[in-house]
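Structure file work-v4.pdb; described as PDB, C-alpha atoms.
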ATOM      1  CA  MET W 597     -96.456  25.465  13.271
ATOM      2  CA  ARG W 598     -96.750  28.534  11.096
ATOM      3  CA  THR W 599    -100.007  30.250  10.189
ATOM      4  CA  ILE W 600    -100.768  31.916   6.867
ATOM      5  CA  THR W 601    -102.760  35.134   7.002
ATOM      6  CA  MET W 602    -105.458  35.800   4.419
ATOM      7  CA  PHE W 603    -103.605  38.990   3.535
ATOM      8  CA  ALA W 604    -100.438  37.076   2.721
ATOM      9  CA  VAL W 605    -102.324  34.560   0.591
ATOM     10  CA  LEU W 606    -104.231  37.178  -1.411
ATOM     11  CA  ALA W 607    -101.255  39.476  -1.797
ATOM     12  CA  GLY W 608     -99.073  36.554  -2.807
ATOM     13  CA  ALA W 609    -101.590  35.517  -5.453
ATOM     14  CA  LEU W 610    -101.754  39.042  -6.876
ATOM     15  CA  LEU W 611     -97.985  39.369  -6.928
ATOM     16  CA  PHE W 612     -97.668  35.958  -8.545
ATOM     17  CA  ALA W 613    -100.049  36.985 -11.335
ATOM     18  CA  ALA W 614     -98.032  40.137 -11.974
ATOM     19  CA  SER W 615     -94.751  38.248 -11.754
ATOM     20  CA  ALA W 616     -95.818  35.531 -14.189
ATOM     21  CA  ALA W 617     -97.240  38.064 -16.620
ATOM     22  CA  GLN W 618     -94.050  40.114 -16.627
ATOM     23  CA  GLY W 619     -91.651  37.180 -16.552
ATOM     24  CA  VAL W 620     -90.078  38.603 -13.403
ATOM     25  CA  VAL W 621     -87.269  36.646 -11.757
ATOM     26  CA  VAL W 622     -87.201  36.843  -7.948
ATOM     27  CA  TRP W 623     -84.286  35.697  -5.786
ATOM     28  CA  HIS W 624     -84.602  34.530  -2.191
ATOM     29  CA  ASP W 625     -81.704  34.233   0.221
ATOM     30  CA  PRO W 626     -82.009  30.942   2.091
ATOM     31  CA  TRP W 627     -82.185  29.621   5.574
ATOM     32  CA  LEU W 628     -79.125  27.371   5.598
ATOM     33  CA  ASN W 629     -77.952  24.769   8.104
ATOM     34  CA  TRP W 630     -74.477  23.303   7.736
ATOM     35  CA  ASP W 631     -72.532  20.402   9.216
ATOM     36  CA  PHE W 632     -68.770  20.462   8.683
ATOM     37  CA  GLN W 633     -66.009  18.133   9.804
ATOM     38  CA  ASN W 634     -62.812  19.472  11.349
ATOM     39  CA  LEU W 635     -60.136  18.091   9.013
ATOM     40  CA  THR W 636     -57.337  20.412  10.154
ATOM     41  CA  GLY W 637     -55.703  17.698  12.252
ATOM     42  CA  GLN W 638     -55.855  20.070  15.245
ATOM     43  CA  THR W 639     -58.310  20.980  17.973
ATOM     44  CA  VAL W 640     -60.293  24.136  17.197
ATOM     45  CA  ASN W 641     -62.593  26.369  19.233
ATOM     46  CA  ASP W 642     -64.064  28.758  16.633
ATOM     47  CA  PHE W 643     -65.590  28.630  13.149
ATOM     48  CA  ALA W 644     -65.677  31.693  10.872
ATOM     49  CA  ILE W 645     -67.754  32.486   7.780
ATOM     50  CA  ILE W 646     -67.029  35.596   5.677
ATOM     51  CA  VAL W 647     -69.896  37.169   3.718
ATOM     52  CA  ASP W 648     -69.750  40.006   1.208
ATOM     53  CA  SER W 649     -72.232  42.382   2.845
ATOM     54  CA  SER W 650     -70.784  45.209   4.927
ATOM     55  CA  ASN W 651     -73.807  45.441   7.232
ATOM     56  CA  PHE W 652     -75.135  41.892   7.568
ATOM     57  CA  SER W 653     -75.904  41.509  11.261
ATOM     58  CA  PRO W 654     -78.195  38.615  12.194
ATOM     59  CA  ASP W 655     -79.589  38.700  15.702
ATOM     60  CA  SER W 656     -78.103  35.888  17.745
ATOM     61  CA  THR W 657     -80.959  36.153  20.238
ATOM     62  CA  ASP W 658     -83.493  35.327  17.514
ATOM     63  CA  PRO W 659     -83.639  31.557  16.847
ATOM     64  CA  GLY W 660     -85.123  32.333  13.435
ATOM     65  CA  GLN W 661     -81.915  34.101  12.392
ATOM     66  CA  VAL W 662     -79.004  32.304  14.076
ATOM     67  CA  MET W 663     -78.506  28.717  15.107
ATOM     68  CA  LEU W 664     -75.900  28.744  17.834
ATOM     69  CA  GLY W 665     -73.304  26.218  16.843
ATOM     70  CA  ASP W 666     -72.899  22.774  18.265
ATOM     71  CA  PRO W 667     -70.464  22.701  20.090
ATOM     72  CA  PHE W 668     -69.781  26.491  19.970
ATOM     73  CA  SER W 669     -72.525  28.447  21.741
ATOM     74  CA  THR W 670     -71.398  32.069  21.275
ATOM     75  CA  PHE W 671     -71.973  34.077  18.094
ATOM     76  CA  GLN W 672     -70.240  37.275  16.957
ATOM     77  CA  VAL W 673     -70.497  39.616  13.967
ATOM     78  CA  ILE W 674     -67.212  41.370  13.062
ATOM     79  CA  PRO W 675     -67.035  43.793  10.078
ATOM     80  CA  GLY W 676     -63.741  44.142   8.184
ATOM     81  CA  ASP W 677     -62.021  43.843   4.805
ATOM     82  CA  TYR W 678     -61.345  40.109   4.787
ATOM     83  CA  ASP W 679     -60.789  39.559   1.066
ATOM     84  CA  GLY W 680     -58.425  42.508   0.525
ATOM     85  CA  ASP W 681     -60.520  44.267  -2.105
ATOM     86  CA  GLY W 682     -60.812  47.540  -0.196
ATOM     87  CA  ASP W 683     -64.437  47.296   0.902
ATOM     88  CA  THR W 684     -65.974  46.036   4.115
ATOM     89  CA  ASP W 685     -67.132  42.436   4.495
ATOM     90  CA  THR W 686     -68.595  40.699   7.556
ATOM     91  CA  MET W 687     -67.148  37.843   9.591
ATOM     92  CA  LEU W 688     -69.654  35.597  11.353
ATOM     93  CA  LYS W 689     -68.093  33.561  14.147
ATOM     94  CA  TRP W 690     -69.281  30.653  16.232
ATOM     95  CA  ILE W 691     -67.012  30.814  19.278
ATOM     96  CA  ALA W 692     -66.453  28.608  22.299
ATOM     97  CA  LYS W 693     -67.827  30.265  25.431
ATOM     98  CA  ASP W 694     -65.131  28.690  27.614
ATOM     99  CA  ALA W 695     -62.576  25.886  27.724
ATOM    100  CA  THR W 696     -65.292  23.231  27.884
ATOM    101  CA  GLU W 697     -66.338  23.963  24.282
ATOM    102  CA  TYR W 698     -63.924  22.755  21.620
ATOM    103  CA  LEU W 699     -63.884  20.493  18.603
ATOM    104  CA  PRO W 700     -61.207  17.812  18.275
ATOM    105  CA  ALA W 701     -59.725  16.756  14.958
ATOM    106  CA  GLY W 702     -62.348  14.765  13.069
ATOM    107  CA  GLY W 703     -65.261  16.220  15.042
ATOM    108  CA  TRP W 704     -68.356  17.760  13.481
ATOM    109  CA  MET W 705     -69.920  21.186  13.991
ATOM    110  CA  HIS W 706     -73.499  22.207  13.231
ATOM    111  CA  GLY W 707     -74.755  25.763  12.760
ATOM    112  CA  GLY W 708     -77.319  27.715  10.798
ATOM    113  CA  LEU W 709     -78.195  31.200   9.568
ATOM    114  CA  TRP W 710     -80.933  33.150   7.866
ATOM    115  CA  MET W 711     -78.890  34.562   4.982
ATOM    116  CA  LYS W 712     -81.251  37.428   4.105
ATOM    117  CA  GLY W 713     -79.041  40.276   2.836
ATOM    118  CA  SER W 714     -75.729  38.513   3.479
ATOM    119  CA  GLY W 715     -74.460  38.630  -0.078
ATOM    120  CA  PRO W 716     -72.271  35.762  -1.297
ATOM    121  CA  VAL W 717     -70.275  33.650   1.141
ATOM    122  CA  LEU W 718     -66.624  34.480   0.442
ATOM    123  CA  ASP W 719     -64.769  32.121   2.752
ATOM    124  CA  ALA W 720     -65.014  29.850   5.791
ATOM    125  CA  TYR W 721     -62.401  28.280   8.058
ATOM    126  CA  TRP W 722     -61.654  26.899  11.511
ATOM    127  CA  THR W 723     -59.818  28.922  14.122
ATOM    128  CA  TRP W 724     -58.159  28.515  17.486
ATOM    129  CA  ASN W 725     -58.518  31.542  19.749
ATOM    130  CA  CYS W 726     -59.476  33.520  16.619
ATOM    131  CA  SER W 727     -56.392  32.489  14.601
ATOM    132  CA  LYS W 728     -57.002  30.515  11.397
ATOM    133  CA  VAL W 729     -56.181  26.810  11.524
ATOM    134  CA  GLY W 730     -55.565  24.883   8.304
ATOM    135  CA  GLY W 731     -57.049  25.661   4.907
ATOM    136  CA  SER W 732     -60.411  27.163   4.077
ATOM    137  CA  THR W 733     -63.389  24.795   4.000
ATOM    138  CA  GLU W 734     -65.607  23.928   1.046
ATOM    139  CA  ILE W 735     -68.621  25.755   2.442
ATOM    140  CA  THR W 736     -71.649  25.969   0.113
ATOM    141  CA  TYR W 737     -73.911  28.980  -0.366
ATOM    142  CA  GLU W 738     -77.286  28.914  -2.134
ATOM    143  CA  GLN W 739     -79.820  31.324  -3.586
ATOM    144  CA  THR W 740     -83.294  30.272  -4.697
ATOM    145  CA  GLU W 741     -84.689  31.654  -7.940
ATOM    146  CA  ILE W 742     -88.419  31.750  -8.720
ATOM    147  CA  ARG W 743     -88.605  32.208 -12.477
ATOM    148  CA  GLY W 744     -91.381  32.719 -14.984
ATOM    149  CA  ASP W 745     -94.221  30.207 -15.090
ATOM    150  CA  PRO W 746     -92.983  29.538 -12.331
ATOM    151  CA  GLU W 747     -89.882  27.360 -12.141
ATOM    152  CA  VAL W 748     -87.946  26.739  -8.930
ATOM    153  CA  HIS W 749     -84.148  26.849  -9.249
ATOM    154  CA  MET W 750     -81.495  26.681  -6.526
ATOM    155  CA  HIS W 751     -78.045  27.998  -7.373
ATOM    156  CA  LEU W 752     -75.170  26.397  -5.453
ATOM    157  CA  ASN W 753     -71.578  27.526  -5.248
ATOM    158  CA  ILE W 754     -68.550  26.775  -3.113
ATOM    159  CA  ALA W 755     -67.009  29.862  -1.521
ATOM    160  CA  PRO W 756     -64.145  31.317  -3.598
ATOM    161  CA  GLY W 757     -61.891  31.444  -0.542
ATOM    162  CA  PHE W 758     -61.500  27.670  -0.707
ATOM    163  CA  PHE W 759     -60.070  27.784  -4.220
ATOM    164  CA  ALA W 760     -57.856  30.820  -3.485
ATOM    165  CA  ASP W 761     -56.268  29.388  -0.330
ATOM    166  CA  PRO W 762     -52.666  28.211  -0.999
ATOM    167  CA  GLU W 763     -53.125  25.566   1.713
ATOM    168  CA  ASN W 764     -55.615  23.824  -0.595
ATOM    169  CA  ALA W 765     -53.238  23.656  -3.571
ATOM    170  CA  SER W 766     -52.799  19.902  -3.123
ATOM    171  CA  HIS W 767     -56.573  19.324  -3.345
ATOM    172  CA  PRO W 768     -57.960  22.236  -5.399
ATOM    173  CA  THR W 769     -61.338  20.730  -6.284
ATOM    174  CA  ALA W 770     -64.507  20.071  -4.332
ATOM    175  CA  GLY W 771     -68.169  19.447  -5.052
ATOM    176  CA  TRP W 772     -71.370  17.719  -4.076
ATOM    177  CA  GLU W 773     -73.137  14.406  -4.212
ATOM    178  CA  ASN W 774     -76.455  12.924  -3.116
ATOM    179  CA  VAL W 775     -78.327  16.100  -4.054
ATOM    180  CA  ARG W 776     -81.988  15.639  -3.118
ATOM    181  CA  THR W 777     -84.731  18.176  -3.751
ATOM    182  CA  PHE W 778     -88.338  18.598  -2.677
ATOM    183  CA  VAL W 779     -91.089  21.027  -3.697
ATOM    184  CA  ASN W 780     -94.642  21.929  -2.662
ATOM    185  CA  ILE W 781     -93.971  21.107   0.996
ATOM    186  CA  PRO W 782     -96.772  22.622   3.115
ATOM    187  CA  ALA W 783     -95.300  25.306   5.331
ATOM    188  CA  ASP W 784     -96.969  23.820   8.402
ATOM    189  CA  LEU W 785     -95.433  20.396   7.750
ATOM    190  CA  LEU W 786     -91.746  21.252   7.906
ATOM    191  CA  GLY W 787     -90.089  24.007   9.905
ATOM    192  CA  LEU W 788     -86.473  24.985  10.207
ATOM    193  CA  GLN W 789     -86.310  23.232  13.564
ATOM    194  CA  ASP W 790     -86.604  19.981  11.615
ATOM    195  CA  ILE W 791     -83.760  20.608   9.155
ATOM    196  CA  ASN W 792     -80.823  18.654  10.484
ATOM    197  CA  ASP W 793     -79.318  15.206  10.373
ATOM    198  CA  ASP W 794     -82.257  13.802  12.307
ATOM    199  CA  LEU W 795     -84.621  14.561   9.424
ATOM    200  CA  ASP W 796     -85.619  11.389   7.587
ATOM    201  CA  LEU W 797     -85.884  12.555   3.985
ATOM    202  CA  GLY W 798     -87.845   9.408   3.220
ATOM    203  CA  THR W 799     -90.810  10.910   5.044
ATOM    204  CA  LEU W 800     -90.904  13.618   2.334
ATOM    205  CA  SER W 801     -91.073  11.179  -0.594
ATOM    206  CA  ALA W 802     -94.423  12.577  -1.770
ATOM    207  CA  TYR W 803     -92.701  15.922  -2.414
ATOM    208  CA  GLU W 804     -89.414  14.702  -3.872
ATOM    209  CA  VAL W 805     -88.443  15.717  -7.409
ATOM    210  CA  PHE W 806     -85.398  14.772  -9.431
ATOM    211  CA  PRO W 807     -83.212  17.818 -10.069
ATOM    212  CA  ARG W 808     -81.688  18.721 -13.413
ATOM    213  CA  LYS W 809     -78.834  20.996 -14.412
ATOM    214  CA  ASP W 810     -79.802  24.431 -15.792
ATOM    215  CA  GLY W 811     -83.467  23.795 -16.594
ATOM    216  CA  PRO W 812     -86.299  21.347 -17.337
ATOM    217  CA  THR W 813     -84.531  19.911 -20.395
ATOM    218  CA  GLY W 814     -81.116  19.663 -18.785
ATOM    219  CA  PRO W 815     -79.428  16.431 -17.689
ATOM    220  CA  LEU W 816     -80.462  14.813 -14.441
ATOM    221  CA  LEU W 817     -78.027  15.692 -11.677
ATOM    222  CA  SER W 818     -77.932  12.017 -10.722
ATOM    223  CA  THR W 819     -76.166  11.303 -14.052
ATOM    224  CA  LEU W 820     -73.458  13.947 -13.520
ATOM    225  CA  ASP W 821     -70.233  14.023 -11.540
ATOM    226  CA  LEU W 822     -70.515  17.193  -9.466
ATOM    227  CA  THR W 823     -67.417  16.548  -7.360
ATOM    228  CA  GLY W 824     -64.844  18.313  -9.561
ATOM    229  CA  GLN W 825     -65.720  21.984  -9.049
ATOM    230  CA  THR W 826     -62.635  24.130  -9.674
ATOM    231  CA  ASP W 827     -64.052  27.595  -9.018
ATOM    232  CA  ALA W 828     -67.001  29.374  -7.441
ATOM    233  CA  THR W 829     -69.187  29.406 -10.571
ATOM    234  CA  PRO W 830     -72.757  28.648  -9.398
ATOM    235  CA  LEU W 831     -74.423  25.371 -10.316
ATOM    236  CA  ASP W 832     -78.010  25.942 -11.483
ATOM    237  CA  VAL W 833     -80.129  23.203  -9.915
ATOM    238  CA  PHE W 834     -83.592  23.088 -11.511
ATOM    239  CA  LEU W 835     -86.111  21.541  -9.129
ATOM    240  CA  ALA W 836     -89.452  21.695 -10.923
ATOM    241  CA  GLU W 837     -92.096  23.697 -12.681
ATOM    242  CA  ILE W 838     -94.859  24.279 -10.164
ATOM    243  CA  LEU W 839     -98.538  25.113 -10.532
ATOM    244  CA  PRO W 840     -99.600  28.685  -9.684
ATOM    245  CA  GLU W 841    -101.395  27.564  -6.543
ATOM    246  CA  PHE W 842     -98.069  26.330  -5.144
ATOM    247  CA  ALA W 843     -96.275  29.648  -5.837
ATOM    248  CA  SER W 844     -97.009  30.943  -2.380
ATOM    249  CA  PRO W 845     -95.452  31.268   1.086
ATOM    250  CA  GLN W 846     -97.818  28.430   2.028
ATOM    251  CA  TYR W 847     -95.333  26.086   0.319
ATOM    252  CA  GLU W 848     -91.596  25.552   0.544
ATOM    253  CA  ALA W 849     -88.771  23.948  -1.382
ATOM    254  CA  LEU W 850     -85.958  21.998   0.255
ATOM    255  CA  LEU W 851     -82.515  20.991  -0.998
ATOM    256  CA  TYR W 852     -80.099  18.646   0.769
ATOM    257  CA  ALA W 853     -76.607  17.713  -0.392
ATOM    258  CA  GLN W 854     -73.305  16.364   0.847
ATOM    259  CA  VAL W 855     -70.047  18.250   0.303
ATOM    260  CA  ILE W 856     -67.251  16.111  -1.119
ATOM    261  CA  ASN W 857     -63.454  16.235  -1.067
ATOM    262  CA  PRO W 858     -61.418  15.222  -4.154
ATOM    263  CA  ASP W 859     -61.098  11.701  -2.708
ATOM    264  CA  LYS W 860     -64.932  11.581  -2.633
ATOM    265  CA  SER W 861     -65.070  11.533   1.170
ATOM    266  CA  VAL W 862     -67.984  13.411   2.736
ATOM    267  CA  ILE W 863     -66.661  16.383   4.694
ATOM    268  CA  GLY W 864     -69.886  18.345   5.083
ATOM    269  CA  GLU W 865     -73.586  18.502   4.374
ATOM    270  CA  PHE W 866     -76.216  21.205   4.241
ATOM    271  CA  TRP W 867     -79.963  21.757   4.235
ATOM    272  CA  ASN W 868     -81.638  24.677   2.468
ATOM    273  CA  LEU W 869     -85.272  25.717   2.929
ATOM    274  CA  ASN W 870     -86.961  28.520   1.026
ATOM    275  CA  PRO W 871     -90.485  29.741   0.263
ATOM    276  CA  GLN W 872     -91.870  29.049  -3.206
ATOM    277  CA  SER W 873     -93.178  32.602  -3.425
ATOM    278  CA  PRO W 874     -92.695  34.890  -6.427
ATOM    279  CA  GLU W 875     -92.667  37.950  -4.188
ATOM    280  CA  PRO W 876     -89.848  39.496  -2.152
ATOM    281  CA  ALA W 877     -88.949  37.827   1.107
ATOM    282  CA  THR W 878     -90.614  40.485   3.266
ATOM    283  CA  LEU W 879     -94.073  39.301   2.236
ATOM    284  CA  ALA W 880     -92.974  35.675   2.264
ATOM    285  CA  LEU W 881     -92.131  36.093   5.933
ATOM    286  CA  LEU W 882     -95.788  36.805   6.665
ATOM    287  CA  GLY W 883     -96.529  33.321   5.493
ATOM    288  CA  LEU W 884     -93.509  31.707   7.063
ATOM    289  CA  GLY W 885     -93.873  33.393  10.423
ATOM    290  CA  ALA W 886     -91.327  35.786  11.873
ATOM    291  CA  VAL W 887     -89.890  33.180  14.209
ATOM    292  CA  ALA W 888     -88.704  29.916  12.732
ATOM    293  CA  THR W 889     -86.947  27.958  15.446
ATOM    294  CA  LEU W 890     -83.670  26.151  14.909
ATOM    295  CA  ILE W 891     -82.980  23.546  17.556
ATOM    296  CA  ARG W 892     -79.566  22.531  18.682
ATOM    297  CA  ARG W 893     -78.835  18.878  18.595
ATOM    298  CA  ARG W 894     -75.879  16.694  19.407
ATOM    299  CA  ARG W 895     -74.453  14.664  16.573
ATOM    300  CA  SER W 896     -72.824  11.272  16.913
ATOM    301  CA  ARG W 897     -70.530  10.007  14.200
TER
END
Structure translated into structure tokens:
Amino acid sequence: MRTITMFAVLAGALLFAASAAQGVVVWHDPWLNWDFQNLTGQTVNDFAIIVDSSNFSPDSTDPGQVMLGDPFSTFQVIPGDYDGDGDTDTMLKWIAKDATEYLPAGGWMHGGLWMKGSGPVLDAYWTWNCSKVGGSTEITYEQTEIRGDPEVHMHLNIAPGFFADPENASHPTAGWENVRTFVNIPADLLGLQDINDDLDLGTLSAYEVFPRKDGPTGPLLSTLDLTGQTDATPLDVFLAEILPEFASPQYEALLYAQVINPDKSVIGEFWNLNPQSPEPATLALLGLGAVATLIRRRRSR
């Protein structure tokens, strides 16, 4: 359970008033949990994610920053130029600690990160003893936008490395389905330890809203085919306009979606949780608590 200090509440209210008056747009990097299926046809023992920041270095000993992967229980941060543009990126790797940890073809891996300061996700892929196996995966990255009155938007994109990988030339599109969104969730009701495949979204029905594309007058996402993405252009998912009293680190927004191959098979899913606060994430953390625990759990398919 997370406690909200009176300072955070009052400061959040003051910052909200200033933000609304000025029409300020604030972006929050998310806490993201992913599940991905190994479709390489081979056994793998590592999973790598490349992010754009040169100095992103989450602390693997802090369960509020890194969820050690299931089944890979070692985490490494490795700077380098992974996209060939001449600047330094960061590789984040979930690695098998020994020969007992591996993922067979068709198996699923779960992992999570606090993405604060990561920059965009550039690429993701499976490896065996640190060598890439198969094509890049359709990993999704998200940023939450608190805009204006306020409105809550979540911007989704598939990493550009998937579309650039020649190994994916025979299936160059990807996308999402079953996008579900929730707002005004009390911060003491749902913690990051709950965000995984064991979460029954039906228990959050009182907070569910029906997302639209681009804004409050846009088409409902449920009426659109989102499975044919051909590049990394973000999809603007509008969740809701919220009352000022809900624009606070006392409340959170959640997005869940499945990641889809061109044949419409589900090859991944993700959960995103973010504060509905119109202030920078440093203050939001006072409301969220510095330690948000991510539990490991075994998944049966």
Please evaluate the PyMOL selection byres ((chain W and resi 731) around 6) against the structure above and give the resulting residues as a ChimeraX atom specification. /W:730,732,763-764
Residues picked by the PyMOL selection byres ((chain W and resi 750) around 12) here, as a PyMOL selection string? chain W and resi 622-626+736-743+747-749+751-753+775-779+807-811+830-836+849-853+867-872
Rounded to one decimal place, report the CA of Val673 in chain W-CA of Leu688 in chain W distance in Å.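 Between CA of Val673 in chain W and CA of Leu688 in chain W the gap is 4.9 Å.
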Explicit residue set for the PyMOL selection byres ((chain W and resi 642) around 12), as a VMD selection string: chain W and resid 634 639 to 641 643 to 645 664 to 672 687 to 695 697 to 700 705 to 707 720 to 729
Which of these, W:Lys712, W:Tyr678, W:Pro782, W:Gly703, has the shortest distance to Pro654 in chain W once you count only C-alpha atoms?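 Ranking W:Lys712, W:Tyr678, W:Pro782, W:Gly703 by distance to Pro654 in chain W, first place goes to W:Lys712.
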Could range 722-743 of chain W be completed with N, CA and C atoms and returned as a PDB file, in the frame of the given file?
ATOM      1  N   TRP W 722     -61.753  27.152  10.071  1.00  0.00           N
ATOM      2  CA  TRP W 722     -61.654  26.899  11.511  1.00  0.00           C
ATOM      3  C   TRP W 722     -60.621  27.826  12.129  1.00  0.00           C
ATOM      4  N   THR W 723     -60.801  28.108  13.421  1.00  0.00           N
ATOM      5  CA  THR W 723     -59.818  28.922  14.122  1.00  0.00           C
ATOM      6  C   THR W 723     -59.587  28.371  15.531  1.00  0.00           C
ATOM      7  N   TRP W 724     -58.462  28.783  16.080  1.00  0.00           N
ATOM      8  CA  TRP W 724     -58.159  28.515  17.486  1.00  0.00           C
ATOM      9  C   TRP W 724     -57.838  29.852  18.141  1.00  0.00           C
ATOM     10  N   ASN W 725     -58.650  30.232  19.117  1.00  0.00           N
ATOM     11  CA  ASN W 725     -58.518  31.542  19.749  1.00  0.00           C
ATOM     12  C   ASN W 725     -58.437  32.647  18.702  1.00  0.00           C
ATOM     13  N   CYS W 726     -59.288  32.534  17.695  1.00  0.00           N
ATOM     14  CA  CYS W 726     -59.476  33.520  16.619  1.00  0.00           C
ATOM     15  C   CYS W 726     -58.367  33.531  15.572  1.00  0.00           C
ATOM     16  N   SER W 727     -57.423  32.600  15.626  1.00  0.00           N
ATOM     17  CA  SER W 727     -56.392  32.489  14.601  1.00  0.00           C
ATOM     18  C   SER W 727     -56.734  31.314  13.678  1.00  0.00           C
ATOM     19  N   LYS W 728     -56.629  31.532  12.371  1.00  0.00           N
ATOM     20  CA  LYS W 728     -57.002  30.515  11.397  1.00  0.00           C
ATOM     21  C   LYS W 728     -56.164  29.261  11.556  1.00  0.00           C
ATOM     22  N   VAL W 729     -56.841  28.113  11.440  1.00  0.00           N
ATOM     23  CA  VAL W 729     -56.181  26.810  11.524  1.00  0.00           C
ATOM     24  C   VAL W 729     -56.457  26.060  10.227  1.00  0.00           C
ATOM     25  N   GLY W 730     -55.393  25.656   9.526  1.00  0.00           N
ATOM     26  CA  GLY W 730     -55.565  24.883   8.304  1.00  0.00           C
ATOM     27  C   GLY W 730     -56.118  25.704   7.162  1.00  0.00           C
ATOM     28  N   GLY W 731     -56.531  24.992   6.091  1.00  0.00           N
ATOM     29  CA  GLY W 731     -57.049  25.661   4.907  1.00  0.00           C
ATOM     30  C   GLY W 731     -58.526  25.997   5.027  1.00  0.00           C
ATOM     31  N   SER W 732     -58.996  26.813   4.112  1.00  0.00           N
ATOM     32  CA  SER W 732     -60.411  27.163   4.077  1.00  0.00           C
ATOM     33  C   SER W 732     -61.258  25.937   3.739  1.00  0.00           C
ATOM     34  N   THR W 733     -62.495  25.926   4.240  1.00  0.00           N
ATOM     35  CA  THR W 733     -63.389  24.795   4.000  1.00  0.00           C
ATOM     36  C   THR W 733     -64.204  25.002   2.726  1.00  0.00           C
ATOM     37  N   GLU W 734     -64.809  23.928   2.269  1.00  0.00           N
ATOM     38  CA  GLU W 734     -65.607  23.928   1.046  1.00  0.00           C
ATOM     39  C   GLU W 734     -67.061  24.293   1.358  1.00  0.00           C
ATOM     40  N   ILE W 735     -67.268  25.394   2.039  1.00  0.00           N
ATOM     41  CA  ILE W 735     -68.621  25.755   2.442  1.00  0.00           C
ATOM     42  C   ILE W 735     -69.463  26.113   1.216  1.00  0.00           C
ATOM     43  N   THR W 736     -70.730  25.718   1.218  1.00  0.00           N
ATOM     44  CA  THR W 736     -71.649  25.969   0.113  1.00  0.00           C
ATOM     45  C   THR W 736     -72.623  27.081   0.478  1.00  0.00           C
ATOM     46  N   TYR W 737     -72.874  27.957  -0.499  1.00  0.00           N
ATOM     47  CA  TYR W 737     -73.911  28.980  -0.366  1.00  0.00           C
ATOM     48  C   TYR W 737     -74.942  28.748  -1.460  1.00  0.00           C
ATOM     49  N   GLU W 738     -76.193  29.159  -1.188  1.00  0.00           N
ATOM     50  CA  GLU W 738     -77.286  28.914  -2.134  1.00  0.00           C
ATOM     51  C   GLU W 738     -78.181  30.129  -2.215  1.00  0.00           C
ATOM     52  N   GLN W 739     -78.717  30.392  -3.400  1.00  0.00           N
ATOM     53  CA  GLN W 739     -79.820  31.324  -3.586  1.00  0.00           C
ATOM     54  C   GLN W 739     -80.916  30.630  -4.387  1.00  0.00           C
ATOM     55  N   THR W 740     -82.160  30.854  -3.989  1.00  0.00           N
ATOM     56  CA  THR W 740     -83.294  30.272  -4.697  1.00  0.00           C
ATOM     57  C   THR W 740     -83.856  31.288  -5.681  1.00  0.00           C
ATOM     58  N   GLU W 741     -84.135  30.819  -6.888  1.00  0.00           N
ATOM     59  CA  GLU W 741     -84.689  31.654  -7.940  1.00  0.00           C
ATOM     60  C   GLU W 741     -86.087  31.146  -8.294  1.00  0.00           C
ATOM     61  N   ILE W 742     -87.070  32.047  -8.246  1.00  0.00           N
ATOM     62  CA  ILE W 742     -88.419  31.750  -8.720  1.00  0.00           C
ATOM     63  C   ILE W 742     -88.562  32.453 -10.061  1.00  0.00           C
ATOM     64  N   ARG W 743     -88.702  31.676 -11.118  1.00  0.00           N
ATOM     65  CA  ARG W 743     -88.605  32.208 -12.477  1.00  0.00           C
ATOM     66  C   ARG W 743     -89.875  31.901 -13.272  1.00  0.00           C
TER      67      ARG W 743
END
